[in-house]
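Trainee: One structure is given below, represented as structure tokens, and several questions about it will come after.
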Amino acid sequence: MFKDLGVQPYTFPMPVLLIATYNEDGSVDVMNMAWGGVCAENMVALNLDEDHKTSRNLKARGAFTLSIADLPHIREADFFGIATGNKMKDKFERSGLHAQKSARVDAPVVEEFPLTLECKVVECQHTVYGFRVLGEIVNVLADEKVLDEKGKVDPARLNAFVFDPFRSGYYAIGEKVGQAWHTGAELVKK
Ligand SMILES: Cc1cc2nc3c(=O)[nH]c(=O)nc-3n(C[C@H](O)[C@H](O)[C@H](O)COP(=O)(O)O)c2cc1C
């Protein structure tokens with residue numbers, strides 16, 4: 001028996017992505033974003049409230065980085081989604097995390113996060129559905145500890161977590177249960 005839940009932004013899982021930008025004085029700002037992700041081989045889309053400090057920063061500098069947080073930094077990741085750089089001038093400092101300048105884009109790389117996409121802003125879209133930023137991925141930085149023997153990112157070593165839009169929980173990612181383009185392949189032959 002189905003029950004109507006109305007209009008809700010319900011997809012699952014939603015990512016926990018951290019956008020890092022520079023403030024006008026060169027200090028770092030980071031925000032937590034669930035409504036975004038890849039939209040092409042070399043592109044990401046960010047759905048943002050235009051009033052966020054992050055939105056102002058990435059428009060001014062034309063760049064940002066997008067990181068995946070790991071479980072040891074869940075507290076800091078959530079904090080980045082509560083506090084705003086518009087009001088809290090020492091937001092990043094308070095997190096206790098560290099950042100270095102990206103070698104490729106005018107944005108900071110948070111050193112504690114295991115995987116970071118370095119991105120250039122290519123388009124800012126103002127639509128009736130909200131403000132959207134398209135970013136070109138110019139490089140991906142991975143902490144060596146999350147790479148397998150072949151140099152590929154191993155999700156188990158990434159130790160990431162996801163966002164649940166139904167009850168606002170964070171969930172650790174569980175066991176591997178299949179292989180894409182393989183688990184369902186038998187049905188193709190039927
Ligand atoms: C789990 C979570 C997901 C969020 N997802 C988004 C999002 O997709 N888009 C958005 O504009 N704000 C999102 N936010 C809110 C921002 O992270 C928050 O308003 C933050 O304070 C903005 O920081 P800033 O003003 O320093 O840029 C999210 C917050 C949390 C906790």
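Residue numbering restarts at 1 for every chain of the structure tokens, chains are lettered A, B, ... in their displayed order, and ligands are numbered from 1 as they appear.
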Pick out the residues no farther than 9 Å from ligand 1, counting only C-alpha atoms and all ligand atoms, and list them as an MDAnalysis selection string.

Mentor: chainID A and resid 14:21 29:36 46:57 77:88 91:92 131 162:165 168:170

Trainee: Within range 132-189 of chain A, find each residue whose DSSP state, derived from the backbone, is strand (DSSP E), and express the selection as a VMD selection string.

Mentor: chain A and resid 132 to 142 161 to 164 169 to 172

Trainee: Which one of A:Val128, A:Ala156, A:Ala180, A:Val109 sits closest to Leu141 in chain A if you count only C-alpha atoms?

Mentor: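 That would be A:Val109, the residue with the smallest distance to Leu141 in chain A.
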
Trainee: Pick out the residues sitting within 9 Å of Val110 in chain A, and hand them over as a ChimeraX atom specification; count only C-alpha atoms, and ignore anything fewer than 6 positions along from it in its own chain.

Mentor: /A:20,30,65,67,97-101,116

Trainee: Keeping only C-alpha atoms, write the selected residues to a file as a PDB file, in the first residue's frame.

Mentor:
ATOM      1  CA  ALA A  20      35.713  25.550   0.151  1.00  0.00           C
ATOM      2  CA  VAL A  30      33.659  26.024   3.919  1.00  0.00           C
ATOM      3  CA  THR A  65      37.006  23.066  -4.219  1.00  0.00           C
ATOM      4  CA  SER A  67      35.496  17.669  -0.922  1.00  0.00           C
ATOM      5  CA  LEU A  97      40.937  22.043  10.318  1.00  0.00           C
ATOM      6  CA  HIS A  98      43.735  23.167   8.025  1.00  0.00           C
ATOM      7  CA  ALA A  99      43.854  24.317   4.413  1.00  0.00           C
ATOM      8  CA  GLN A 100      46.419  24.953   1.726  1.00  0.00           C
ATOM      9  CA  LYS A 101      46.032  26.857  -1.535  1.00  0.00           C
ATOM     10  CA  THR A 116      38.912  16.953  -3.265  1.00  0.00           C
TER      11      THR A 116
END

Trainee: Show which residues sit within 12 Å of Ala40 in chain A, as a list in words. Count only C-alpha atoms, and ignore same-chain residues fewer than 4 positions away.

Mentor: Val44, Ala45, Leu134, Gly135, Glu136 and Ile137 of chain A

Trainee: What is the distance, in Å and to one decimal place, between CA of Leu117 in chain A and CA of Pro155 in chain A?

Mentor: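 Atom-to-atom, CA of Leu117 in chain A to CA of Pro155 in chain A, that is 15.9 Å.
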
Trainee: For the helix (DSSP H, G or I) assignment from backbone DSSP, which residues of range 45-82 of chain A qualify? Please present them as a ChimeraX atom specification.

Mentor: /A:53-61,71-79

Trainee: Here is a test: counting only C-alpha atoms, which residue of A:Gly37, A:Gly151, A:Pro114, A:Pro108 is nearest to His73 in chain A?

Mentor: A:Pro114

Trainee: Given only C-alpha atoms as the basis, pick out the residue of A:Val122, A:Ala69, A:Ala63, A:Met43 nearest to Val105 in chain A.

Mentor: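 Looking at the shortest contact to Val105 in chain A, the residue is A:Ala63.
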
Trainee: Taking into account only C-alpha atoms, which residue in the set A:His126, A:Asp90, A:Glu175, A:Cys119 is nearest to Ala103 in chain A?

Mentor: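 Looking only at the distances to Ala103 in chain A, the closest residue turns out to be A:Cys119.
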
Trainee: Quick one: distance from CA of Phe12 in chain A to CA of Phe166 in chain A in Å, one decimal?

Mentor: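 Computing it gives 8.8 Å between the two atoms.
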
Trainee: Interatomic distance between CA of Thr183 in chain A and CA of Lys145 in chain A?

Mentor: 28.0 Å
